[in-house]
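Inspection log for the structure reproduced underneath, given as structure tokens.
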Amino acid sequence: MALLKVTNLSKSFGGLRAVSSFNIDIDQGELVGLIGPNGAGKTTAFNLLTGVYDPTEGEIMFDGKSVVGLKPYQITQRGVARTFQNIRLFSELSVLDNVKIAYHFHVKYGLLETVFRLGRYFGEEEDLDKKALRFLEIFQLAHRKDEIAKNLPYGEQRRLEIARALAAQPKLLLLDEPAAGMNPQETQQLMDMIRWIRKEFGLTILLIEHDMSLVMGVCERIYVLDYGSIIAQGTPTEIKNNPRVIEAYLGEEVH
Amino acid sequence: MTGMRQKTKNDLLMLAAGIVIYAVVQTLISVGFIQDYWERNIVYVCINIILATSLNLINGITGQFSIGHAGFMAVGAYVGAIMTVKFGLPLAGGIVAGALGAAVLGFIIGLPTLRLTGDYLAIATLGLGEIIRITILNIPYVGGASGFMGIPKLTNFTWAFFMMLFVLFFIKNFVNSTHGRACVSIRENEIAAEAMGIDTTKYKVMAFTLGAAFAGVAGALFSHYTYIAHPASFTFMRSFDILTMVVLGGLGSMSGSIVGAIFFTWVSAFFAEWPEWRMVIYSLLLIILMLFRPQGLFGNKELSLKMFGRLTGGERRGTAQGN
């Protein structure tokens, strides 16, 4: 069964149809790419999937249930986590706290237990520290745990954002241009990491990317978006040879 | 379990320090070393610390810029006074009722207004604070424009100090929990907070309601110390005074709010004899602070032993790397 099934999704801003008749199916465990020229509506599609925008039309089924109309935090709690094109860390907080916040909705102790330090407070806090640290270790950020997030180098900030998204324990991870601003070597490391986290956490991943080497190298299936609609889908080799895709990227042949 | 032991140990140390401070000041008051005027100001310090730390919870921790705190203080002052004067409850009943009254109002006001951000929220809360004051001004049951008179003087240093200690521990424990971190994440990046599964509306309203409740506590203590609750005590100037304490100490820092409240109250008290110079010196101090330390005395850091270590050149971490 499809983990994510989007049918006829559309979004208009006034007269502009940013996304129209958008259809995708993603199965459990797949690693799918979403590409398209600038302004094709990729980020808008992500914002629709995560509840930042309400769709004008269409249906989004996640894990068998509709998520249309839910607020972003509710969708995250259902199991969809994301990263952002322009990094959005909690920049004045420590690296460790950034990850701990993602655990928030799994924490069970209430306000009274918080204020009077009773019951589950100590146990859960301790557990939280351990789990967050383990994540930082996986992403080779453990030695930075007390650093203020904004002081990290760019590549590490990107890694931290992915670590934070994973700490929310999602079923589906949406990565919005994870390789933006990275050099080829960092991109290579990122590809290895994406493959590895998918295996390790049994994740399903949908990623938007401009870097073709990354998309072609890591994705099993690719959707191509142009002017808000899906114009092609298939394996990386099929996409590379699809005339409509080449046209969208490079323009029509001159006759 | 080391973390638990460490946290509990720190709490007990702070509690012990609080009790020592209380014992010393109370002794000095009992033997007459601290006279009326300064005793009054010490009680005001306690009340102002409650006000500043509770506003800091809204403005500094959660990042929602509210400037209507005097309104909630007024609600606490009047509701508390009604309970003790008209219903004959003891001070504790007045404080609880004042806190509940302010909390309920904070919740009702918070739900719609916290959709606003930045300047818009500031203007809305400023207006609502005034609405509360003018409403009270027009209720004859609580004395209207001449104020609510004949309130018994039930607040003393002991009450003020231990209520302050309670509020400080409450806020400190709240901030150092997953709920507090949720509030901080809203300040840092609301969109990311929402994307991490945090119900931002819930936590904004929660911080606002808690802040209002503590302002109510401060109000009840205040009206039971000054014999009278008067609408003129709760104008927007009072809101600005509280905001100044918070900004002075550093938005987001609890120790900053405490130091800001102490500093503000004492500067006012010292210059009380030269009222015409008071505002001049006070404004100058603020201008100098904003020029040389716009983030406030403490920034968003907390006072800790580590900080002393760094001041004396002990432990230095390279924060210059990165960018």
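Following the order of the structure tokens, chains are lettered A, B, ..., residues in each are numbered from 1, and ligands are numbered from 1.
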Report task. Determine, counting only C-alpha atoms, which protein, DNA and RNA residues have an atom within 9 Å of an atom of A:Thr7; residues of the same chain fewer than 2 positions away are not included. Present the result as a list in words. Result ->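 Everything that qualifies: Lys5, Leu9, Ser21, Phe22, Asn23, Ile24, Asp25, Gly58, Glu59, Ile60 and Met61 of chain A.
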Those same residues - N, CA and C atoms - I'd like them written as an mmCIF file, in the first residue's frame.
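Just written: part_16.cif:
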data_model
loop_
_atom_site.group_PDB
_atom_site.id
_atom_site.type_symbol
_atom_site.label_atom_id
_atom_site.label_comp_id
_atom_site.auth_asym_id
_atom_site.auth_seq_id
_atom_site.Cartn_x
_atom_site.Cartn_y
_atom_site.Cartn_z
ATOM 1 N N LYS A 5 -0.129 9.089 -0.820
ATOM 2 C CA LYS A 5 -0.836 9.077 -2.090
ATOM 3 C C LYS A 5 -1.474 10.443 -2.274
ATOM 4 N N LEU A 9 -3.844 17.243 -6.608
ATOM 5 C CA LEU A 9 -3.584 18.345 -5.694
ATOM 6 C C LEU A 9 -3.380 19.632 -6.490
ATOM 7 N N SER A 21 -3.116 19.653 -10.541
ATOM 8 C CA SER A 21 -3.209 18.221 -10.847
ATOM 9 C C SER A 21 -1.922 17.473 -10.517
ATOM 10 N N PHE A 22 -1.536 17.619 -9.297
ATOM 11 C CA PHE A 22 -0.289 17.020 -8.837
ATOM 12 C C PHE A 22 -0.608 15.635 -8.283
ATOM 13 N N ASN A 23 -0.031 14.596 -8.915
ATOM 14 C CA ASN A 23 -0.313 13.228 -8.467
ATOM 15 C C ASN A 23 0.993 12.510 -8.178
ATOM 16 N N ILE A 24 1.160 12.024 -6.969
ATOM 17 C CA ILE A 24 2.297 11.136 -6.731
ATOM 18 C C ILE A 24 1.886 10.006 -5.786
ATOM 19 N N ASP A 25 2.609 8.910 -5.923
ATOM 20 C CA ASP A 25 2.424 7.736 -5.064
ATOM 21 C C ASP A 25 3.780 7.334 -4.539
ATOM 22 N N GLY A 58 -8.011 18.732 -4.146
ATOM 23 C CA GLY A 58 -7.209 17.518 -4.121
ATOM 24 C C GLY A 58 -7.139 16.852 -2.767
ATOM 25 N N GLU A 59 -6.506 15.717 -2.752
ATOM 26 C CA GLU A 59 -6.474 14.880 -1.556
ATOM 27 C C GLU A 59 -5.054 14.410 -1.272
ATOM 28 N N ILE A 60 -4.695 14.420 -0.005
ATOM 29 C CA ILE A 60 -3.397 13.872 0.397
ATOM 30 C C ILE A 60 -3.669 12.772 1.412
ATOM 31 N N MET A 61 -3.345 11.547 1.060
ATOM 32 C CA MET A 61 -3.521 10.447 1.997
ATOM 33 C C MET A 61 -2.166 10.031 2.514
#
Report task. Would you mind listing what lies within 8 Å of A:Glu57 as a list of chain:residue names, with only C-alpha atoms counted and same-chain residues fewer than 5 positions away left out? Result -> A:Asn8, A:Leu9, A:Ser10, A:Lys11
Save out the residues we just selected, C-alpha atoms, as a CSV table (one decimal), in the first residue's frame.
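Printed below is out_17.csv as written:
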chain,number,residue,atom,x,y,z
A,8,ASN,CA,-5.2,15.9,-8.1
A,9,LEU,CA,-3.6,18.3,-5.7
A,10,SER,CA,-3.9,22.0,-6.7
A,11,LYS,CA,-3.0,25.3,-5.1
Write down, as a list of chain:residue names, each residue of chain B that has any atom within 7 Å of an atom of chain A, counting only C-alpha atoms.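 On the chain B side, the interface is B:Gly3, B:Met4, B:Phe170, B:Asn173, B:Phe174, B:Ser177, B:Thr178, B:Arg181, B:Ala182, B:Ser185, B:Glu188, B:Asn189, B:Ala192, B:Glu194, B:Ala195, B:Met196, B:Gly197, B:Ile198, B:Asp199, B:Gly322, B:Asn323.
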Convert the current residue selection to file output with N, CA and C atoms, as a PDB file, in the first residue's frame.
ATOM      1  N   GLY B   3      22.222  13.053  36.501  1.00  0.00           N
ATOM      2  CA  GLY B   3      21.548  14.288  36.129  1.00  0.00           C
ATOM      3  C   GLY B   3      20.507  14.682  37.156  1.00  0.00           C
ATOM      4  N   MET B   4      19.765  13.687  37.605  1.00  0.00           N
ATOM      5  CA  MET B   4      18.714  13.942  38.583  1.00  0.00           C
ATOM      6  C   MET B   4      19.299  14.459  39.888  1.00  0.00           C
ATOM      7  N   PHE B 170       8.957  27.995  40.092  1.00  0.00           N
ATOM      8  CA  PHE B 170       7.965  27.564  39.102  1.00  0.00           C
ATOM      9  C   PHE B 170       8.477  27.846  37.693  1.00  0.00           C
ATOM     10  N   ASN B 173      11.696  25.847  36.686  1.00  0.00           N
ATOM     11  CA  ASN B 173      11.416  24.451  36.345  1.00  0.00           C
ATOM     12  C   ASN B 173      10.649  24.322  35.040  1.00  0.00           C
ATOM     13  N   PHE B 174       9.768  25.278  34.809  1.00  0.00           N
ATOM     14  CA  PHE B 174       9.013  25.261  33.557  1.00  0.00           C
ATOM     15  C   PHE B 174       9.958  25.425  32.370  1.00  0.00           C
ATOM     16  N   SER B 177      12.267  22.419  30.926  1.00  0.00           N
ATOM     17  CA  SER B 177      11.536  21.188  30.652  1.00  0.00           C
ATOM     18  C   SER B 177      11.188  21.181  29.178  1.00  0.00           C
ATOM     19  N   THR B 178      10.582  20.106  28.744  1.00  0.00           N
ATOM     20  CA  THR B 178      10.217  20.035  27.334  1.00  0.00           C
ATOM     21  C   THR B 178       9.192  21.111  26.983  1.00  0.00           C
ATOM     22  N   ARG B 181      11.180  24.296  26.595  1.00  0.00           N
ATOM     23  CA  ARG B 181      11.926  24.265  25.328  1.00  0.00           C
ATOM     24  C   ARG B 181      10.988  24.516  24.153  1.00  0.00           C
ATOM     25  N   ALA B 182       9.749  24.028  24.265  1.00  0.00           N
ATOM     26  CA  ALA B 182       8.776  24.285  23.203  1.00  0.00           C
ATOM     27  C   ALA B 182       8.550  25.788  23.074  1.00  0.00           C
ATOM     28  N   SER B 185      11.539  27.403  21.451  1.00  0.00           N
ATOM     29  CA  SER B 185      11.637  27.107  20.021  1.00  0.00           C
ATOM     30  C   SER B 185      10.708  28.016  19.216  1.00  0.00           C
ATOM     31  N   GLU B 188      12.610  31.123  18.744  1.00  0.00           N
ATOM     32  CA  GLU B 188      13.733  30.973  17.820  1.00  0.00           C
ATOM     33  C   GLU B 188      13.279  30.862  16.369  1.00  0.00           C
ATOM     34  N   ASN B 189      12.258  30.082  16.110  1.00  0.00           N
ATOM     35  CA  ASN B 189      11.779  29.937  14.738  1.00  0.00           C
ATOM     36  C   ASN B 189      10.425  29.244  14.761  1.00  0.00           C
ATOM     37  N   ALA B 192       9.766  26.451  12.092  1.00  0.00           N
ATOM     38  CA  ALA B 192      10.478  25.208  12.391  1.00  0.00           C
ATOM     39  C   ALA B 192       9.857  24.516  13.601  1.00  0.00           C
ATOM     40  N   GLU B 194       6.782  24.548  14.560  1.00  0.00           N
ATOM     41  CA  GLU B 194       5.555  23.900  14.096  1.00  0.00           C
ATOM     42  C   GLU B 194       5.905  22.622  13.317  1.00  0.00           C
ATOM     43  N   ALA B 195       6.946  22.715  12.489  1.00  0.00           N
ATOM     44  CA  ALA B 195       7.352  21.553  11.690  1.00  0.00           C
ATOM     45  C   ALA B 195       7.938  20.448  12.561  1.00  0.00           C
ATOM     46  N   MET B 196       8.329  20.770  13.789  1.00  0.00           N
ATOM     47  CA  MET B 196       8.852  19.741  14.694  1.00  0.00           C
ATOM     48  C   MET B 196       7.743  19.176  15.574  1.00  0.00           C
ATOM     49  N   GLY B 197       6.506  19.472  15.234  1.00  0.00           N
ATOM     50  CA  GLY B 197       5.387  18.870  15.957  1.00  0.00           C
ATOM     51  C   GLY B 197       4.959  19.615  17.199  1.00  0.00           C
ATOM     52  N   ILE B 198       5.338  20.898  17.291  1.00  0.00           N
ATOM     53  CA  ILE B 198       4.951  21.665  18.480  1.00  0.00           C
ATOM     54  C   ILE B 198       3.707  22.493  18.185  1.00  0.00           C
ATOM     55  N   ASP B 199       2.703  22.347  19.041  1.00  0.00           N
ATOM     56  CA  ASP B 199       1.472  23.111  18.903  1.00  0.00           C
ATOM     57  C   ASP B 199       1.774  24.533  19.381  1.00  0.00           C
ATOM     58  N   GLY B 322      33.784  29.304  13.156  1.00  0.00           N
ATOM     59  CA  GLY B 322      32.481  29.200  12.490  1.00  0.00           C
ATOM     60  C   GLY B 322      32.224  30.463  11.706  1.00  0.00           C
ATOM     61  N   ASN B 323      31.400  31.362  12.252  1.00  0.00           N
ATOM     62  CA  ASN B 323      31.277  32.632  11.539  1.00  0.00           C
ATOM     63  C   ASN B 323      31.353  33.796  12.499  1.00  0.00           C
TER      64      ASN B 323
END
Using DSSP secondary structure from the backbone, list all strand (DSSP E) positions within stretch 31-199 of chain A, as JSON, numbers by chain. {"A": [31, 32, 33, 34, 35, 57, 58, 59, 60, 61, 62, 65, 66, 80, 81, 82, 172, 173, 174, 175, 176]}
When you look at B:Ser283 with a cut-off of 12 Å (counting only C-alpha atoms), what residues show up, excluding the ones that are within fewer than 3 positions of it in the same chain? I need them as a VMD selection string.
chain B and resid 241 244 248 264 267 to 268 277 to 280 286 to 290
Could the residues in this selection be written to a file with C-alpha atoms, as a compact mmCIF listing (two decimals), in the first residue's frame?
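Resulting contents of part.txt:
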# COMPACT_ATOMS: atom_id res chain seq x y z
CA ASP B 241 8.44 49.90 33.93
CA THR B 244 12.26 48.07 31.19
CA LEU B 248 17.58 45.95 31.20
CA PHE B 264 15.22 49.40 38.69
CA VAL B 267 17.49 53.36 41.38
CA SER B 268 13.94 54.65 41.76
CA TRP B 277 16.42 64.21 38.42
CA ARG B 278 15.15 60.71 38.78
CA MET B 279 13.80 60.32 35.28
CA VAL B 280 16.80 62.08 33.75
CA LEU B 286 19.04 53.24 29.79
CA ILE B 287 20.56 55.07 26.83
CA ILE B 288 24.08 54.13 27.92
CA LEU B 289 23.06 50.53 28.40
CA MET B 290 21.39 50.34 25.00
message = For stretch 224-237 of chain B, find every residue with an atom within 8 Å (counting only C-alpha atoms), except residues of its own chain fewer than 3 positions away, and show them as a PyMOL selection string.
response = chain B and resi 67-68+70-71+73-74+77-78+81+91+126+129-130+133-134+136-137+145-156+220-221+240-241
Create the file for the chosen residues now, containing N, CA and C atoms and written as a tab-separated table (two decimals), in the first residue's frame.
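The resulting file, out_7.tsv, is reproduced below:
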chain	number	residue	atom	x	y	z
B	67	ILE	N	2.97	44.11	26.05
B	67	ILE	CA	3.21	45.23	26.96
B	67	ILE	C	1.94	45.65	27.68
B	68	GLY	N	1.16	44.66	28.09
B	68	GLY	CA	-0.05	44.99	28.85
B	68	GLY	C	-0.02	44.37	30.24
B	70	ALA	N	0.59	45.41	33.19
B	70	ALA	CA	-0.05	46.13	34.31
B	70	ALA	C	-1.52	45.77	34.41
B	71	GLY	N	-2.16	45.48	33.28
B	71	GLY	CA	-3.57	45.12	33.30
B	71	GLY	C	-3.82	43.86	34.12
B	73	MET	N	-1.82	42.69	36.40
B	73	MET	CA	-1.49	43.03	37.78
B	73	MET	C	-2.70	43.68	38.45
B	74	ALA	N	-3.38	44.57	37.71
B	74	ALA	CA	-4.57	45.23	38.25
B	74	ALA	C	-5.66	44.22	38.59
B	77	ALA	N	-4.75	42.55	41.72
B	77	ALA	CA	-4.88	43.47	42.86
B	77	ALA	C	-6.33	43.60	43.29
B	78	TYR	N	-7.22	43.80	42.32
B	78	TYR	CA	-8.64	44.02	42.65
B	78	TYR	C	-9.33	42.73	43.07
B	81	ALA	N	-8.23	41.85	46.48
B	81	ALA	CA	-8.80	42.74	47.49
B	81	ALA	C	-10.27	42.44	47.73
B	91	LEU	N	-5.19	36.27	53.25
B	91	LEU	CA	-4.37	36.75	52.14
B	91	LEU	C	-4.12	35.65	51.11
B	126	LEU	N	-1.05	46.41	24.60
B	126	LEU	CA	-1.05	47.74	25.22
B	126	LEU	C	-2.49	48.24	25.36
B	129	GLY	N	-4.47	46.23	27.99
B	129	GLY	CA	-4.10	46.63	29.34
B	129	GLY	C	-4.88	47.87	29.77
B	130	GLU	N	-4.99	48.82	28.84
B	130	GLU	CA	-5.74	50.05	29.13
B	130	GLU	C	-7.22	49.77	29.29
B	133	ARG	N	-7.89	48.57	32.69
B	133	ARG	CA	-7.81	49.65	33.68
B	133	ARG	C	-9.07	50.52	33.62
B	134	ILE	N	-9.48	50.89	32.43
B	134	ILE	CA	-10.64	51.79	32.30
B	134	ILE	C	-11.91	51.08	32.75
B	136	ILE	N	-12.09	48.83	35.12
B	136	ILE	CA	-12.07	48.89	36.59
B	136	ILE	C	-12.46	50.28	37.07
B	137	LEU	N	-11.95	51.28	36.38
B	137	LEU	CA	-12.23	52.67	36.73
B	137	LEU	C	-13.72	52.96	36.77
B	145	ALA	N	-13.15	55.52	40.29
B	145	ALA	CA	-11.97	56.36	40.08
B	145	ALA	C	-11.24	56.69	41.38
B	146	SER	N	-11.96	56.60	42.52
B	146	SER	CA	-11.26	56.95	43.76
B	146	SER	C	-10.47	55.77	44.32
B	147	GLY	N	-10.62	54.63	43.70
B	147	GLY	CA	-9.82	53.49	44.13
B	147	GLY	C	-10.52	52.64	45.17
B	148	PHE	N	-10.01	51.44	45.33
B	148	PHE	CA	-10.56	50.48	46.29
B	148	PHE	C	-9.85	50.72	47.62
B	149	MET	N	-10.62	51.29	48.58
B	149	MET	CA	-9.96	51.65	49.84
B	149	MET	C	-10.25	50.65	50.94
B	150	GLY	N	-9.49	50.78	52.00
B	150	GLY	CA	-9.72	49.96	53.18
B	150	GLY	C	-9.25	48.53	53.04
B	151	ILE	N	-8.24	48.30	52.23
B	151	ILE	CA	-7.69	46.95	52.10
B	151	ILE	C	-6.73	46.73	53.28
B	152	PRO	N	-6.89	45.63	54.00
B	152	PRO	CA	-6.00	45.41	55.14
B	152	PRO	C	-4.57	45.19	54.67
B	153	LYS	N	-3.61	45.67	55.46
B	153	LYS	CA	-2.21	45.46	55.09
B	153	LYS	C	-1.78	44.08	55.56
B	154	LEU	N	-1.94	43.11	54.69
B	154	LEU	CA	-1.66	41.73	55.06
B	154	LEU	C	-0.29	41.28	54.52
B	155	THR	N	0.15	41.93	53.44
B	155	THR	CA	1.43	41.54	52.86
B	155	THR	C	2.56	42.05	53.75
B	156	ASN	N	3.52	41.20	53.99
B	156	ASN	CA	4.74	41.66	54.66
B	156	ASN	C	5.92	41.06	53.91
B	220	ALA	N	-1.97	41.13	43.75
B	220	ALA	CA	-2.62	40.87	45.05
B	220	ALA	C	-1.68	41.24	46.19
B	221	LEU	N	-0.40	40.89	46.05
B	221	LEU	CA	0.57	41.27	47.09
B	221	LEU	C	0.65	42.79	47.21
B	240	PHE	N	5.36	49.64	31.11
B	240	PHE	CA	6.68	49.98	30.56
B	240	PHE	C	7.78	49.77	31.59
B	241	ASP	N	7.45	50.12	32.86
B	241	ASP	CA	8.44	49.90	33.93
B	241	ASP	C	8.84	48.43	33.97
Near stretch 34-46 of chain A, counting only C-alpha atoms, which residues have an atom at most 7 Å away, once you skip same-chain residues fewer than 5 positions from it, shown as a CSV table (one decimal) with C-alpha atoms, in the first residue's frame?
chain,number,residue,atom,x,y,z
A,18,ALA,CA,1.4,27.2,-8.4
A,19,VAL,CA,0.5,23.5,-8.4
A,207,LEU,CA,13.7,14.9,-1.7
A,208,ILE,CA,13.7,18.0,-3.8
A,209,GLU,CA,17.1,18.7,-5.3
A,210,HIS,CA,18.8,20.8,-8.0
A,222,ILE,CA,12.0,10.6,-9.9
A,223,TYR,CA,9.1,12.9,-10.5
A,224,VAL,CA,9.6,15.9,-12.7
A,225,LEU,CA,7.5,19.0,-12.0
A,226,ASP,CA,7.1,21.8,-14.5
A,227,TYR,CA,4.7,24.7,-14.3
A,228,GLY,CA,3.0,23.1,-11.3
A,249,TYR,CA,15.1,22.1,-18.6
Leaving out stretch 94-105 of chain B and any residue of its chain fewer than 5 positions from it, which residues lie within 10 Å of it when counting only C-alpha atoms, given as a compact mmCIF listing (two decimals) with N, CA and C atoms, in the first residue's frame?
# COMPACT_ATOMS: atom_id res chain seq x y z
N GLY B 71 -2.16 45.48 33.28
CA GLY B 71 -3.57 45.12 33.30
C GLY B 71 -3.82 43.86 34.12
N PHE B 72 -2.97 42.86 33.93
CA PHE B 72 -3.13 41.60 34.69
C PHE B 72 -2.80 41.81 36.16
N MET B 73 -1.82 42.69 36.40
CA MET B 73 -1.49 43.03 37.78
C MET B 73 -2.70 43.68 38.45
N ALA B 74 -3.38 44.57 37.71
CA ALA B 74 -4.57 45.23 38.25
C ALA B 74 -5.66 44.22 38.59
N VAL B 75 -5.87 43.27 37.67
CA VAL B 75 -6.90 42.25 37.93
C VAL B 75 -6.57 41.50 39.22
N GLY B 76 -5.31 41.10 39.38
CA GLY B 76 -4.90 40.41 40.61
C GLY B 76 -5.11 41.27 41.83
N ALA B 77 -4.75 42.55 41.72
CA ALA B 77 -4.88 43.47 42.86
C ALA B 77 -6.33 43.60 43.29
N TYR B 78 -7.22 43.80 42.32
CA TYR B 78 -8.64 44.02 42.65
C TYR B 78 -9.33 42.73 43.07
N VAL B 79 -9.12 41.65 42.32
CA VAL B 79 -9.79 40.39 42.68
C VAL B 79 -9.32 39.95 44.07
N GLY B 80 -8.02 40.08 44.32
CA GLY B 80 -7.48 39.71 45.63
C GLY B 80 -8.13 40.53 46.73
N ALA B 81 -8.23 41.85 46.48
CA ALA B 81 -8.80 42.74 47.49
C ALA B 81 -10.27 42.44 47.73
N ILE B 82 -11.01 42.15 46.66
CA ILE B 82 -12.43 41.79 46.82
C ILE B 82 -12.56 40.58 47.74
N MET B 83 -11.69 39.59 47.52
CA MET B 83 -11.76 38.36 48.32
C MET B 83 -11.50 38.64 49.79
N THR B 84 -10.51 39.45 50.09
CA THR B 84 -10.20 39.68 51.51
C THR B 84 -11.17 40.67 52.15
N VAL B 85 -11.53 41.74 51.41
CA VAL B 85 -12.36 42.78 52.00
C VAL B 85 -13.83 42.36 52.03
N PHE B 87 -15.23 39.30 51.12
CA PHE B 87 -15.57 37.93 51.52
C PHE B 87 -14.79 37.43 52.73
N GLY B 88 -13.94 38.29 53.25
CA GLY B 88 -13.23 37.96 54.48
C GLY B 88 -12.26 36.80 54.39
N LEU B 89 -11.76 36.52 53.19
CA LEU B 89 -10.78 35.44 53.05
C LEU B 89 -9.42 35.90 53.56
N GLY B 110 -5.47 36.03 25.41
CA GLY B 110 -4.37 35.42 24.67
C GLY B 110 -4.82 34.67 23.43
N ILE B 132 -8.59 47.09 30.42
CA ILE B 132 -8.79 46.52 31.76
C ILE B 132 -8.85 47.65 32.80
N MET B 163 6.47 34.15 48.19
CA MET B 163 5.72 34.08 46.93
C MET B 163 6.69 34.25 45.75
N MET B 206 -0.26 29.22 26.67
CA MET B 206 0.14 28.72 27.99
C MET B 206 1.10 29.71 28.67
N PHE B 208 1.46 32.85 28.03
CA PHE B 208 0.75 34.10 28.29
C PHE B 208 -0.11 33.97 29.55
N THR B 209 -0.80 32.83 29.67
CA THR B 209 -1.68 32.61 30.82
C THR B 209 -0.88 32.51 32.12
N LEU B 210 0.23 31.77 32.07
CA LEU B 210 1.06 31.65 33.27
C LEU B 210 1.62 33.02 33.66
N GLY B 211 2.10 33.76 32.66
CA GLY B 211 2.64 35.09 32.94
C GLY B 211 1.59 35.99 33.57
N ALA B 212 0.36 35.93 33.02
CA ALA B 212 -0.73 36.74 33.57
C ALA B 212 -1.04 36.33 35.00
N ALA B 213 -1.05 35.02 35.25
CA ALA B 213 -1.36 34.53 36.61
C ALA B 213 -0.36 35.08 37.62
N PHE B 214 0.92 35.08 37.25
CA PHE B 214 1.93 35.57 38.20
C PHE B 214 1.84 37.08 38.37
N ALA B 215 1.48 37.77 37.30
CA ALA B 215 1.25 39.21 37.44
C ALA B 215 0.09 39.43 38.42
N GLY B 216 -0.91 38.53 38.37
CA GLY B 216 -2.02 38.60 39.33
C GLY B 216 -1.53 38.40 40.76
N VAL B 217 -0.61 37.47 40.95
CA VAL B 217 -0.03 37.25 42.29
C VAL B 217 0.63 38.54 42.77
N ALA B 218 1.44 39.14 41.89
CA ALA B 218 2.13 40.38 42.25
C ALA B 218 1.12 41.47 42.59
N GLY B 219 0.03 41.53 41.80
CA GLY B 219 -0.99 42.55 42.05
C GLY B 219 -1.64 42.37 43.41
N ALA B 220 -1.97 41.13 43.75
CA ALA B 220 -2.62 40.87 45.05
C ALA B 220 -1.68 41.24 46.19
N LEU B 221 -0.40 40.89 46.05
CA LEU B 221 0.57 41.27 47.09
C LEU B 221 0.65 42.79 47.21
N HIS B 224 -2.39 44.53 48.88
CA HIS B 224 -2.46 44.27 50.31
C HIS B 224 -1.27 44.84 51.06
**Item:** Best match for closeness to A:Val215 among A:Thr235, A:Gln157, A:Ser229, A:Asn47, counting only C-alpha atoms
**Value:**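 Ranked by minimum distance to A:Val215, first place goes to A:Thr235.
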- request: Could you give me, as a ChimeraX atom specification, each residue of stretch 130-184 of chain A that DSSP assigns to helix (DSSP H, G or I) when run on this structure's backbone?
  value: /A:130-138,142-144,149-151,154-167,184
Once you have the residues from the selection above, write them out as a compact mmCIF listing (two decimals), in the first residue's frame, restricted to C-alpha atoms.
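Saved as again.txt:
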# COMPACT_ATOMS: atom_id res chain seq x y z
CA LYS A 130 20.58 10.02 25.92
CA LYS A 131 18.50 9.67 22.78
CA ALA A 132 19.43 13.14 21.53
CA LEU A 133 23.10 12.46 22.14
CA ARG A 134 22.86 9.20 20.24
CA PHE A 135 21.46 11.07 17.26
CA LEU A 136 24.27 13.59 17.43
CA GLU A 137 26.77 10.74 17.46
CA ILE A 138 25.20 9.21 14.35
CA ALA A 142 28.38 14.85 19.39
CA HIS A 143 31.55 16.88 19.98
CA ARG A 144 29.53 20.01 19.13
CA ALA A 149 23.62 26.16 16.51
CA LYS A 150 24.25 29.33 14.50
CA ASN A 151 28.00 29.02 15.10
CA TYR A 154 27.20 25.43 6.99
CA GLY A 155 27.54 21.72 6.24
CA GLU A 156 27.12 20.83 9.91
CA GLN A 157 24.03 23.02 10.15
CA ARG A 158 22.52 21.02 7.29
CA ARG A 159 23.40 17.78 9.05
CA LEU A 160 21.93 19.07 12.30
CA GLU A 161 18.68 19.94 10.54
CA ILE A 162 18.40 16.39 9.21
CA ALA A 163 19.26 14.99 12.64
CA ARG A 164 16.56 17.14 14.18
CA ALA A 165 13.96 16.01 11.63
CA LEU A 166 14.84 12.36 12.29
CA ALA A 167 14.58 12.84 16.03
CA PRO A 184 30.97 18.07 -4.40
Within 9 Å of A:Gly64, counting only C-alpha atoms, which residues qualify if same-chain residues fewer than 2 places away don't, as a PyMOL selection string? chain A and resi 1-5+61-62+66
Of B:Phe169, B:Phe271, B:Tyr282, B:Trp38, the one sitting nearest B:Leu12 when using only C-alpha atoms is B:Phe169
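Separating atom CA of B:Ile19 from atom CA of B:Met164 is a distance of 12.0 Å.
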